[in-house]
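Q: Structure in structure tokens, see below.
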Amino acid sequence: MKRSIAFSALAATLVVSGCKNMKDAFSAHSDVVANAESQKFTVTRMSELLGRSQAPLRKDVASALANIWVNYQLVGVAAARNDSLADEKALDEALWPFIANMKAKTWYDSVAKGWVKPDSTQALAMYNSGEIMTAAHILILTQGMSPAQKAQALQKAKSIRATLTPANFAAVAKKESQDRQSGQAGGMLPPFRHGDMVPEFERGVKDTKPGEISGIVESQFGYHIIRRAPYDEVKGELVQAAAAGSMARADSAYMAKIEKDAKVEVKPNVAQKVRDVTVDPETHLDDNTVLATWKGGKLTGGRLARWVQGIPPQAGIAQRIMSAPDTVVPQFVMNFVRNELILAEAEKNNIKPKDAELKSLRQNFLLELANTKAMLGMDPKSIADSAKARNVTPEVIAAQRADAYIEGLMNQRAQYIPIAAPISHVLRKKYDWEVSTAGIDRAMEQAQKIRNRADSAAATAPPPSSVPMPAPKDTGAAKDSQARR
């Protein structure tokens with residue numbers, strides 16, 4: 001999905017566009033920031049883009065820009081060479097996190113299938129005891145209202161209550177309830193347990209007999225009118241809710257057992273390493289730092305990086321782990337250790353993705369690649385036609401288009417197109433690329449000078465005026481200068 005780039009968040013693109021080829025040998029050529037096949041991102045070019053933009057001059061932002069340039073150029077290389085990147089072995093390696101999740105889920109589902117069976121007797125007992133409750137409600141909001149406005153809201157709730165019967169409750173809820181989500185379902189809420197709702201609402205439910213409608217119940221949200229659904233009306237939802245609770249307890253017991261049997265140990269003082277890997281997985285694909293161990297296995301920084309690549313950016317995992325306290329990070333690590341333990345069981349039992357699932361994954365990759373090429377203006381036929389018309393190679397056209405897109409991006413005339421992690425993985429495995437830390441440092445220095453000159457010029461410029469300003473006087477020096485021309 002396209003979205004305007006936010007310069008303050010530019011560095012977040014490192015989550016899917018790391019820089020594992022930041023080689024010390026390359027840093028000797030510090031007039032170049034990055035290479036992508038034969039193309040070079042020079043210090044001069046990068047400093048101009050950064051210095052003349054509104055982007056903050058920070059190292060992480062500059063690194064992100066270098067890696068965006070690499071990714072866009074490599075997409076261009078693939079398009080110029082009409083390379084479909086459809087090699088199944090390369091695709092499956094790039095898609096490993098998704099394939100691993102498929103295997104683990106298939107095994108887990110097969111194990112969990114026999115844990116809990118829906119039980120209507122259990123559900124009825126939980127309903128009667130109030131352990132699981134169901135209700136529909138009509139809500140008239142009062143938050144932020146003055147006393148006079150609250151009085152009007154109360155009068156409205158009373159007027160609605162006077163018209164209600166069990167038969168028309170759902171229709172009135174759809175029309176009158178200001179809880180729009182439940183209102184569209186006739187006021188019906190999902191089954192809930194003790195403590196899930198505010199105390200006033202829960203008490204109102206318990207004080208209402210099944211099938212009947214409450215009086216006005218006030219909570220911090222407003223005025224509720226509650227109908228407690230009879231068991232037979234919500235039997236299916238209750239049975240599923242009861243089973244879900246039992247399933248959660250069975251899952252906890254199962255995971256506790258396999259963790260104990262495996263003798264899992266999360267290493268101390270791993271919080272910063274875990275954050276580094278989560279924010280920039282590509283950089284850490286070869287990271288051998290051990291984060292956790294168990295009988296017969298270990299979780300390294302590189303392995304965590306692969307798992308993280310399978311998490312969609314919109315999940316916000318990097319932002320959450322960056323803001324989490326150190327004490328929470330070991331639990332984050334344990335989630336991936338559990339994945340590893342279940343995956344090991346799946347592979348031991350020869351669990352494989354279904355052919356249709358694998359085919360769908362590969363097709364989605366190729367579709368995403370095609371869409372990315374189109375959004376960046378990297379259509380192979382268009383590139384070939386332009387190259388022929390201008391008598392240059394397709395690689396030249398693709399490189400120019402990538403550079404032009406980057407310029408538009410930095411000038412906020414183009415929208416940021418993220419490169420999906422599997423696509424970046426395949427491109428960077430197949431083609432040559434490098435990013436220079438020394439080159440980035442030099443570009444930052446030059447960009448700062450450009451920015452300083454621009455700021456100085458802006459500070460000394462006369463204020464805009466609607467009054468016509470006289471032309472500068474014609475001095476002798478000016479005449480001499482003109483004569484020399």
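Just remember, in the structure tokens the first chain shown is A, the second B, etc., residues are 1-based per chain, and ligands are 1-based in the order shown.
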Could you name the residues that touch region 218-223 of chain A at 12 Å or less, counting only C-alpha atoms, but leaving out those on the same chain fewer than 5 positions away, as a PyMOL selection string?
A: chain A and resi 137-145+149-158+160-161+177-179+197-204
Q: Which residues are near Val426 (chain A)? Cut-off 10 Å, only C-alpha atoms, ignore same chain within fewer than 3 positions. Put them as number ranges by chain.
A: A: 85-87, 90-95, 421-423, 429-431
Q: Could you list, as a PyMOL selection string, every residue within 12 Å of region 187-191 of chain A, counting only C-alpha atoms and ignoring same-chain residues fewer than 5 positions away?
A: chain A and resi 123+126-127+130-139+168-182+196-197+202+205+224-229+231+233-242+244-245
Q: Among region 232-297 of chain A, which residues does DSSP mark as helix (DSSP H, G or I) when it is run on the backbone? Keep the chain and numbering as in the structure and answer as a short mmCIF file (atom, residue, chain, number, x, y, z; two decimals) with N, CA and C atoms, in the first residue's frame.
A:
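Okay, this is what ended up in out12.cif:
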data_model
loop_
_atom_site.label_atom_id
_atom_site.label_comp_id
_atom_site.auth_asym_id
_atom_site.auth_seq_id
_atom_site.Cartn_x
_atom_site.Cartn_y
_atom_site.Cartn_z
N ASP A 232 -30.49 -20.90 25.47
CA ASP A 232 -30.76 -21.53 24.17
C ASP A 232 -30.50 -20.58 23.00
N GLU A 233 -30.63 -19.30 23.25
CA GLU A 233 -30.44 -18.31 22.19
C GLU A 233 -28.96 -18.14 21.82
N LYS A 235 -26.48 -20.56 22.76
CA LYS A 235 -25.83 -21.83 23.10
C LYS A 235 -24.55 -22.04 22.31
N GLY A 236 -24.61 -21.81 21.00
CA GLY A 236 -23.44 -22.05 20.16
C GLY A 236 -22.24 -21.21 20.57
N GLU A 237 -22.46 -19.91 20.81
CA GLU A 237 -21.38 -19.02 21.22
C GLU A 237 -20.82 -19.42 22.58
N LEU A 238 -21.71 -19.85 23.49
CA LEU A 238 -21.26 -20.24 24.83
C LEU A 238 -20.42 -21.51 24.79
N VAL A 239 -20.84 -22.46 23.98
CA VAL A 239 -20.08 -23.71 23.87
C VAL A 239 -18.67 -23.42 23.35
N GLN A 240 -18.58 -22.56 22.33
CA GLN A 240 -17.28 -22.21 21.78
C GLN A 240 -16.43 -21.43 22.79
N ALA A 241 -17.06 -20.54 23.55
CA ALA A 241 -16.32 -19.78 24.56
C ALA A 241 -15.80 -20.69 25.66
N ALA A 242 -16.62 -21.64 26.08
CA ALA A 242 -16.19 -22.59 27.11
C ALA A 242 -15.02 -23.43 26.61
N ALA A 243 -15.13 -23.87 25.35
CA ALA A 243 -14.06 -24.68 24.77
C ALA A 243 -12.77 -23.87 24.63
N ALA A 244 -12.91 -22.57 24.28
CA ALA A 244 -11.72 -21.72 24.12
C ALA A 244 -10.99 -21.57 25.45
N GLY A 245 -11.73 -21.42 26.52
CA GLY A 245 -11.10 -21.31 27.83
C GLY A 245 -10.36 -22.58 28.20
N SER A 246 -10.99 -23.72 27.94
CA SER A 246 -10.35 -25.00 28.23
C SER A 246 -9.13 -25.21 27.34
N MET A 247 -9.24 -24.77 26.09
CA MET A 247 -8.12 -24.89 25.15
C MET A 247 -6.93 -24.06 25.62
N ALA A 248 -7.20 -22.86 26.12
CA ALA A 248 -6.12 -22.00 26.60
C ALA A 248 -5.38 -22.65 27.77
N ARG A 249 -6.13 -23.28 28.66
CA ARG A 249 -5.49 -23.95 29.80
C ARG A 249 -4.69 -25.15 29.33
N ALA A 250 -5.23 -25.89 28.36
CA ALA A 250 -4.51 -27.05 27.83
C ALA A 250 -3.24 -26.62 27.11
N ASP A 251 -3.33 -25.51 26.39
CA ASP A 251 -2.15 -24.98 25.68
C ASP A 251 -1.06 -24.60 26.68
N SER A 252 -1.44 -23.92 27.75
CA SER A 252 -0.45 -23.52 28.76
C SER A 252 0.24 -24.73 29.36
N ALA A 253 -0.53 -25.77 29.63
CA ALA A 253 0.05 -26.98 30.21
C ALA A 253 0.99 -27.67 29.23
N TYR A 254 0.59 -27.72 27.95
CA TYR A 254 1.41 -28.36 26.92
C TYR A 254 2.73 -27.63 26.74
N MET A 255 2.66 -26.28 26.63
CA MET A 255 3.88 -25.51 26.41
C MET A 255 4.80 -25.59 27.63
N ALA A 256 4.21 -25.56 28.82
CA ALA A 256 5.03 -25.66 30.04
C ALA A 256 5.78 -26.98 30.08
N LYS A 257 5.12 -28.05 29.63
CA LYS A 257 5.75 -29.38 29.64
C LYS A 257 6.91 -29.45 28.65
N ILE A 258 6.68 -28.98 27.41
CA ILE A 258 7.76 -29.12 26.42
C ILE A 258 8.93 -28.20 26.77
N GLU A 259 8.64 -27.04 27.38
CA GLU A 259 9.73 -26.16 27.81
C GLU A 259 10.54 -26.82 28.93
N LYS A 260 9.84 -27.45 29.86
CA LYS A 260 10.53 -28.11 30.97
C LYS A 260 11.35 -29.29 30.47
N ASP A 261 10.76 -30.10 29.59
CA ASP A 261 11.47 -31.26 29.05
C ASP A 261 12.71 -30.84 28.26
N ALA A 262 12.60 -29.71 27.57
CA ALA A 262 13.72 -29.25 26.73
C ALA A 262 14.79 -28.51 27.53
N ALA A 271 18.78 -8.23 26.16
CA ALA A 271 17.75 -7.28 25.74
C ALA A 271 18.20 -6.40 24.58
N GLN A 272 19.41 -5.82 24.67
CA GLN A 272 19.85 -4.91 23.62
C GLN A 272 20.08 -5.65 22.31
N LYS A 273 20.65 -6.84 22.38
CA LYS A 273 20.86 -7.62 21.16
C LYS A 273 19.52 -7.96 20.50
N VAL A 274 18.54 -8.34 21.30
CA VAL A 274 17.22 -8.67 20.76
C VAL A 274 16.61 -7.45 20.08
N ARG A 275 16.77 -6.29 20.68
CA ARG A 275 16.25 -5.06 20.07
C ARG A 275 16.95 -4.79 18.74
N ASP A 276 18.27 -4.93 18.72
CA ASP A 276 19.03 -4.69 17.49
C ASP A 276 18.55 -5.61 16.37
N VAL A 277 18.36 -6.88 16.69
CA VAL A 277 17.93 -7.86 15.69
C VAL A 277 16.52 -7.55 15.21
N THR A 278 15.64 -7.21 16.13
CA THR A 278 14.24 -6.99 15.78
C THR A 278 14.07 -5.75 14.90
N VAL A 279 14.83 -4.71 15.18
CA VAL A 279 14.73 -3.48 14.40
C VAL A 279 15.37 -3.63 13.03
N PRO A 281 16.60 -6.83 11.08
CA PRO A 281 16.90 -8.26 10.95
C PRO A 281 17.88 -8.59 9.85
N GLU A 282 17.84 -7.86 8.72
CA GLU A 282 18.73 -8.18 7.60
C GLU A 282 20.19 -8.12 8.00
N THR A 283 20.54 -7.14 8.82
CA THR A 283 21.93 -6.98 9.26
C THR A 283 22.40 -8.17 10.09
N HIS A 284 21.46 -8.84 10.75
CA HIS A 284 21.82 -9.87 11.73
C HIS A 284 21.57 -11.30 11.24
#
Q: Determine which residues of region 209-400 of chain A DSSP labels as strand (DSSP E or B) from the backbone of this structure, then write them out as a list in words.
A: Ile213, Ser214, Gly215, Ile216, Val217, Glu218, Gly222, Tyr223, His224, Ile225, Ile226, Arg227, Glu265, Val266, Val290, Leu291, Ala292, Thr293, Trp294, Gly297, Lys298, Leu299 and Thr300 of chain A
Q: Store the residues of this selection in a file with N, CA and C atoms, as a short mmCIF file (atom, residue, chain, number, x, y, z; two decimals), in the first residue's frame.
A:
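Result written to out-v4.cif:
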data_model
loop_
_atom_site.label_atom_id
_atom_site.label_comp_id
_atom_site.auth_asym_id
_atom_site.auth_seq_id
_atom_site.Cartn_x
_atom_site.Cartn_y
_atom_site.Cartn_z
N ILE A 213 -35.15 -7.70 30.42
CA ILE A 213 -34.45 -6.44 30.13
C ILE A 213 -34.29 -5.65 31.42
N SER A 214 -33.10 -5.10 31.62
CA SER A 214 -32.80 -4.36 32.84
C SER A 214 -33.43 -2.98 32.83
N GLY A 215 -33.29 -2.30 33.97
CA GLY A 215 -33.57 -0.87 34.00
C GLY A 215 -32.37 -0.12 33.46
N ILE A 216 -32.25 1.15 33.77
CA ILE A 216 -31.12 1.96 33.32
C ILE A 216 -29.91 1.65 34.21
N VAL A 217 -28.81 1.28 33.60
CA VAL A 217 -27.57 0.98 34.32
C VAL A 217 -26.52 2.01 33.91
N GLU A 218 -26.00 2.73 34.89
CA GLU A 218 -25.01 3.77 34.60
C GLU A 218 -23.59 3.24 34.81
N GLY A 222 -21.66 5.63 30.07
CA GLY A 222 -22.97 6.21 29.83
C GLY A 222 -24.06 5.37 30.45
N TYR A 223 -25.24 5.42 29.82
CA TYR A 223 -26.41 4.69 30.31
C TYR A 223 -26.65 3.46 29.44
N HIS A 224 -26.70 2.30 30.09
CA HIS A 224 -26.92 1.03 29.40
C HIS A 224 -28.32 0.52 29.69
N ILE A 225 -28.91 -0.09 28.69
CA ILE A 225 -30.11 -0.91 28.88
C ILE A 225 -29.71 -2.31 28.43
N ILE A 226 -29.82 -3.27 29.34
CA ILE A 226 -29.24 -4.60 29.12
C ILE A 226 -30.33 -5.64 28.94
N ARG A 227 -30.15 -6.46 27.95
CA ARG A 227 -30.99 -7.66 27.82
C ARG A 227 -30.09 -8.86 28.00
N GLU A 265 16.71 -22.36 28.42
CA GLU A 265 17.38 -21.31 29.20
C GLU A 265 17.58 -20.09 28.32
N VAL A 266 16.95 -18.98 28.69
CA VAL A 266 17.19 -17.71 28.00
C VAL A 266 18.42 -17.07 28.62
N VAL A 290 24.23 -16.26 20.85
CA VAL A 290 23.24 -17.20 21.39
C VAL A 290 22.33 -16.47 22.36
N LEU A 291 21.04 -16.50 22.07
CA LEU A 291 20.05 -15.83 22.91
C LEU A 291 19.37 -16.79 23.87
N ALA A 292 19.25 -18.06 23.46
CA ALA A 292 18.61 -19.07 24.31
C ALA A 292 19.09 -20.44 23.88
N THR A 293 19.07 -21.39 24.81
CA THR A 293 19.47 -22.78 24.51
C THR A 293 18.42 -23.73 25.05
N TRP A 294 18.43 -24.94 24.50
CA TRP A 294 17.61 -26.05 24.99
C TRP A 294 18.28 -27.34 24.56
N GLY A 297 19.40 -27.77 20.84
CA GLY A 297 19.18 -26.61 19.98
C GLY A 297 19.51 -25.29 20.64
N LYS A 298 19.48 -24.23 19.84
CA LYS A 298 19.74 -22.88 20.35
C LYS A 298 19.08 -21.87 19.42
N LEU A 299 18.77 -20.72 19.99
CA LEU A 299 18.24 -19.61 19.22
C LEU A 299 19.32 -18.54 19.13
N THR A 300 19.79 -18.29 17.91
CA THR A 300 20.82 -17.28 17.70
C THR A 300 20.18 -15.98 17.20
#
Q: Check the smallest atom-to-atom distance from each of A:Ile417, A:Ala324, A:Val32, A:Leu376 to Ala404 (chain A) using only C-alpha atoms, then report the winner.
A: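 Selected residue with least distance to Ala404 (chain A): A:Leu376.
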Q: How many Å separate CA of Glu345 (chain A) from CA of Tyr108 (chain A)?
A: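 Straight-line distance from CA of Glu345 (chain A) to CA of Tyr108 (chain A) works out to 9.0 Å.
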